[in-house]
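Note: the block below is structure09.pdb and it holds PDB, C-alpha atoms, pLDDT in the B column.
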MODEL        1
ATOM      1  CA  MET A   1      51.712  82.770  52.067  1.00 71.00           C
ATOM      2  CA  ASN A   2      51.722  82.478  48.264  1.00 79.00           C
ATOM      3  CA  GLU A   3      53.799  85.647  48.200  1.00 88.00           C
ATOM      4  CA  LYS A   4      56.309  84.060  50.574  1.00 90.00           C
ATOM      5  CA  LEU A   5      56.596  80.986  48.332  1.00 86.00           C
ATOM      6  CA  THR A   6      56.960  83.194  45.266  1.00 88.00           C
ATOM      7  CA  HIS A   7      59.637  85.281  47.004  1.00 89.00           C
ATOM      8  CA  TYR A   8      61.528  82.114  47.991  1.00 84.00           C
ATOM      9  CA  LEU A   9      61.495  80.764  44.421  1.00 82.00           C
ATOM     10  CA  ASN A  10      62.434  84.143  42.957  1.00 83.00           C
ATOM     11  CA  GLY A  11      65.513  84.125  45.160  1.00 84.00           C
ATOM     12  CA  VAL A  12      66.509  80.591  44.185  1.00 79.00           C
ATOM     13  CA  PHE A  13      65.949  81.185  40.474  1.00 77.00           C
ATOM     14  CA  ALA A  14      67.328  84.751  40.265  1.00 79.00           C
ATOM     15  CA  PRO A  15      70.685  83.795  38.720  1.00 74.00           C
ATOM     16  CA  TYR A  16      68.936  81.818  35.978  1.00 72.00           C
ATOM     17  CA  ASP A  17      66.051  84.094  34.966  1.00 71.00           C
ATOM     18  CA  GLU A  18      67.322  84.461  31.388  1.00 71.00           C
ATOM     19  CA  VAL A  19      67.126  80.710  30.747  1.00 68.00           C
ATOM     20  CA  LYS A  20      63.771  79.833  29.177  1.00 67.00           C
ATOM     21  CA  SER A  21      63.495  76.290  30.502  1.00 69.00           C
ATOM     22  CA  VAL A  22      64.245  77.500  34.039  1.00 70.00           C
ATOM     23  CA  THR A  23      61.401  80.010  33.780  1.00 74.00           C
ATOM     24  CA  GLU A  24      59.023  77.189  32.847  1.00 79.00           C
ATOM     25  CA  LEU A  25      60.387  75.011  35.649  1.00 78.00           C
ATOM     26  CA  LYS A  26      59.888  77.855  38.113  1.00 81.00           C
ATOM     27  CA  THR A  27      56.260  78.318  37.063  1.00 85.00           C
ATOM     28  CA  ASP A  28      55.505  74.612  37.356  1.00 84.00           C
ATOM     29  CA  LEU A  29      57.306  74.304  40.677  1.00 85.00           C
ATOM     30  CA  LEU A  30      55.470  77.286  42.148  1.00 89.00           C
ATOM     31  CA  SER A  31      52.149  75.730  41.217  1.00 90.00           C
ATOM     32  CA  ASP A  32      53.167  72.427  42.815  1.00 88.00           C
ATOM     33  CA  LEU A  33      54.403  74.168  45.965  1.00 90.00           C
ATOM     34  CA  GLN A  34      51.194  76.156  46.319  1.00 93.00           C
ATOM     35  CA  GLU A  35      49.197  72.939  46.047  1.00 92.00           C
ATOM     36  CA  ARG A  36      51.405  71.231  48.654  1.00 92.00           C
ATOM     37  CA  PHE A  37      51.033  74.239  50.977  1.00 93.00           C
ATOM     38  CA  ARG A  38      47.230  74.124  50.655  1.00 94.00           C
ATOM     39  CA  GLU A  39      47.257  70.396  51.454  1.00 95.00           C
ATOM     40  CA  LEU A  40      49.330  70.967  54.598  1.00 94.00           C
ATOM     41  CA  LYS A  41      47.033  73.786  55.698  1.00 95.00           C
ATOM     42  CA  ALA A  42      44.038  71.506  55.163  1.00 96.00           C
ATOM     43  CA  GLU A  43      45.720  68.988  57.464  1.00 96.00           C
ATOM     44  CA  GLY A  44      45.718  71.647  60.177  1.00 96.00           C
ATOM     45  CA  LYS A  45      49.305  72.904  59.987  1.00 96.00           C
ATOM     46  CA  ASN A  46      49.912  76.571  60.832  1.00 96.00           C
ATOM     47  CA  ASP A  47      51.340  78.887  58.159  1.00 94.00           C
ATOM     48  CA  GLU A  48      54.983  78.702  59.257  1.00 94.00           C
ATOM     49  CA  THR A  49      55.012  74.927  59.697  1.00 95.00           C
ATOM     50  CA  ALA A  50      53.250  74.410  56.365  1.00 93.00           C
ATOM     51  CA  PHE A  51      55.705  76.762  54.655  1.00 92.00           C
ATOM     52  CA  GLU A  52      58.754  74.989  56.098  1.00 92.00           C
ATOM     53  CA  MET A  53      57.378  71.561  55.216  1.00 92.00           C
ATOM     54  CA  THR A  54      56.552  72.766  51.708  1.00 90.00           C
ATOM     55  CA  ILE A  55      60.074  74.073  51.118  1.00 87.00           C
ATOM     56  CA  GLU A  56      61.618  70.903  52.566  1.00 87.00           C
ATOM     57  CA  SER A  57      59.485  68.795  50.226  1.00 84.00           C
ATOM     58  CA  ILE A  58      61.408  69.972  47.154  1.00 79.00           C
ATOM     59  CA  GLY A  59      64.840  68.900  48.427  1.00 74.00           C
ATOM     60  CA  ASP A  60      67.974  70.544  47.060  1.00 66.00           C
ATOM     61  CA  ILE A  61      66.303  72.660  44.395  1.00 69.00           C
ATOM     62  CA  GLU A  62      69.338  74.877  43.864  1.00 70.00           C
ATOM     63  CA  GLN A  63      71.417  71.939  42.589  1.00 74.00           C
ATOM     64  CA  THR A  64      68.594  70.876  40.272  1.00 72.00           C
ATOM     65  CA  VAL A  65      68.153  74.413  38.934  1.00 71.00           C
ATOM     66  CA  LEU A  66      71.875  74.765  38.312  1.00 74.00           C
ATOM     67  CA  GLU A  67      71.924  71.528  36.316  1.00 76.00           C
ATOM     68  CA  VAL A  68      68.864  72.542  34.270  1.00 72.00           C
ATOM     69  CA  ALA A  69      70.312  76.000  33.598  1.00 72.00           C
ATOM     70  CA  ASN A  70      73.670  74.615  32.484  1.00 75.00           C
ATOM     71  CA  LEU A  71      72.000  72.113  30.180  1.00 72.00           C
ATOM     72  CA  SER A  72      69.674  74.769  28.740  1.00 69.00           C
ATOM     73  CA  ARG A  73      72.533  77.189  28.079  1.00 68.00           C
ATOM     74  CA  ALA A  74      74.506  74.476  26.323  1.00 68.00           C
ATOM     75  CA  LEU A  75      71.505  73.581  24.145  1.00 60.00           C
ATOM     76  CA  GLU A  76      70.777  77.233  23.346  1.00 61.00           C
ATOM     77  CA  ARG A  77      74.394  77.721  22.207  1.00 62.00           C
ATOM     78  CA  GLN A  78      74.062  74.707  19.907  1.00 57.00           C
ATOM     79  CA  VAL A  79      70.852  76.020  18.369  1.00 55.00           C
ATOM     80  CA  VAL A  80      72.081  79.545  17.612  1.00 56.00           C
ATOM     81  CA  THR A  81      73.395  79.581  14.061  1.00 59.00           C
ATOM     82  CA  ASN A  82      74.465  82.629  12.069  1.00 60.00           C
ATOM     83  CA  PHE A  83      73.435  82.318   8.427  1.00 60.00           C
ATOM     84  CA  ASN A  84      74.674  85.812   7.450  1.00 62.00           C
ATOM     85  CA  GLY A  85      77.965  84.497   6.048  1.00 61.00           C
ATOM     86  CA  SER A  86      76.359  81.798   3.942  1.00 67.00           C
ATOM     87  CA  ASN A  87      75.173  82.064   0.357  1.00 67.00           C
ATOM     88  CA  LEU A  88      71.886  80.218   0.568  1.00 64.00           C
ATOM     89  CA  ALA A  89      70.181  81.674  -2.491  1.00 67.00           C
ATOM     90  CA  LYS A  90      70.084  78.371  -4.434  1.00 67.00           C
ATOM     91  CA  SER A  91      70.248  76.002  -1.497  1.00 70.00           C
ATOM     92  CA  ASP A  92      67.981  73.003  -1.283  1.00 69.00           C
ATOM     93  CA  PHE A  93      66.533  72.645   2.211  1.00 69.00           C
ATOM     94  CA  ALA A  94      64.595  69.463   1.436  1.00 68.00           C
ATOM     95  CA  GLY A  95      64.653  67.173   4.438  1.00 62.00           C
ATOM     96  CA  VAL A  96      65.896  69.872   6.807  1.00 67.00           C
ATOM     97  CA  THR A  97      64.237  69.850  10.189  1.00 65.00           C
ATOM     98  CA  ALA A  98      64.321  72.977  12.291  1.00 58.00           C
TER      99      ALA A  98
ENDMDL
END
I'd like the structure from this file rewritten - as structure tokens, please.
Amino acid sequence: MNEKLTHYLNGVFAPYDEVKSVTELKTDLLSDLQERFRELKAEGKNDETAFEMTIESIGDIEQTVLEVANLSRALERQVVTNFNGSNLAKSDFAGVTA
């Protein structure tokens, strides 16, 4: 059933695989879902019922992923700076935080 959960998340996250924060979110979410699935199985649920309840427990994940991906892309664009056109040979970087 772990493969089924992984396949489900891979499908949801496929459009956002290049976004680093989404990759981390996916890893964390998969771990949480696997734990939830194990708990439901321990309660006596069959595989299909436990899977459906596990997926339902995360709500509208696609909307959340889209928001995280958009935010991450915006932040990554802000961070990327091209220093090739700058003469930094005698620059003082005191107090600069990267």
Fill in: Close residues, Ala14 of chain A itself excluded, 12 Å, all atoms listed in the file, min 4 positions apart in chain, as an MDAnalysis selection string
chainID A and resid 6:10 18:19 22:23 26 62 65:66 69
Item to complete: Counting all atoms listed in the file, figure out which residue out of A:Val68, A:Met1, A:Leu30, A:Phe13 gets nearest to Thr49 of chain A.
Response: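 Of A:Val68, A:Met1, A:Leu30, A:Phe13, the one nearest Thr49 of chain A, counting all atoms listed in the file, is A:Met1.
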Practice prompt. Take the PyMOL selection byres ((chain A and resi 37) around 10), apply it to the structure above, and return the hits as number ranges by chain.
Written response: A: 1-2, 5, 31-36, 38-43, 45, 47, 49-55
Fill in: Coordinates-based distance that separates atom CA of Glu3 of chain A from atom CA of Thr64 of chain A (Å, one decimal)
22.4 Å
Worksheet item: What does the distance between atom CA of Gln63 of chain A and atom CA of Val12 of chain A come to in Å, to one decimal place?
Response: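 Interatomic distance here is 10.1 Å.
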Can you rebuild segment 29-41 of chain A with N, CA and C atoms and give it as a compact mmCIF listing (two decimals), in the frame of the given file?
# COMPACT_ATOMS: atom_id res chain seq x y z
N LEU A 29 56.95 74.59 39.29
CA LEU A 29 57.31 74.30 40.68
C LEU A 29 56.48 75.15 41.64
N LEU A 30 56.28 76.41 41.30
CA LEU A 30 55.47 77.29 42.15
C LEU A 30 54.05 76.74 42.28
N SER A 31 53.49 76.30 41.19
CA SER A 31 52.15 75.73 41.22
C SER A 31 52.11 74.50 42.12
N ASP A 32 53.10 73.63 41.98
CA ASP A 32 53.17 72.43 42.82
C ASP A 32 53.33 72.77 44.29
N LEU A 33 54.18 73.77 44.58
CA LEU A 33 54.40 74.17 45.96
C LEU A 33 53.15 74.77 46.58
N GLN A 34 52.43 75.56 45.81
CA GLN A 34 51.19 76.16 46.32
C GLN A 34 50.18 75.07 46.65
N GLU A 35 50.11 74.05 45.79
CA GLU A 35 49.20 72.94 46.05
C GLU A 35 49.61 72.19 47.31
N ARG A 36 50.90 71.92 47.46
CA ARG A 36 51.40 71.23 48.65
C ARG A 36 51.11 72.05 49.91
N PHE A 37 51.30 73.36 49.83
CA PHE A 37 51.03 74.24 50.98
C PHE A 37 49.56 74.16 51.37
N ARG A 38 48.67 74.21 50.38
CA ARG A 38 47.23 74.12 50.66
C ARG A 38 46.88 72.79 51.32
N GLU A 39 47.50 71.71 50.85
CA GLU A 39 47.26 70.40 51.45
C GLU A 39 47.68 70.38 52.92
N LEU A 40 48.84 70.94 53.22
CA LEU A 40 49.33 70.97 54.60
C LEU A 40 48.44 71.83 55.49
N LYS A 41 47.96 72.92 54.95
CA LYS A 41 47.03 73.79 55.70
C LYS A 41 45.73 73.04 55.97
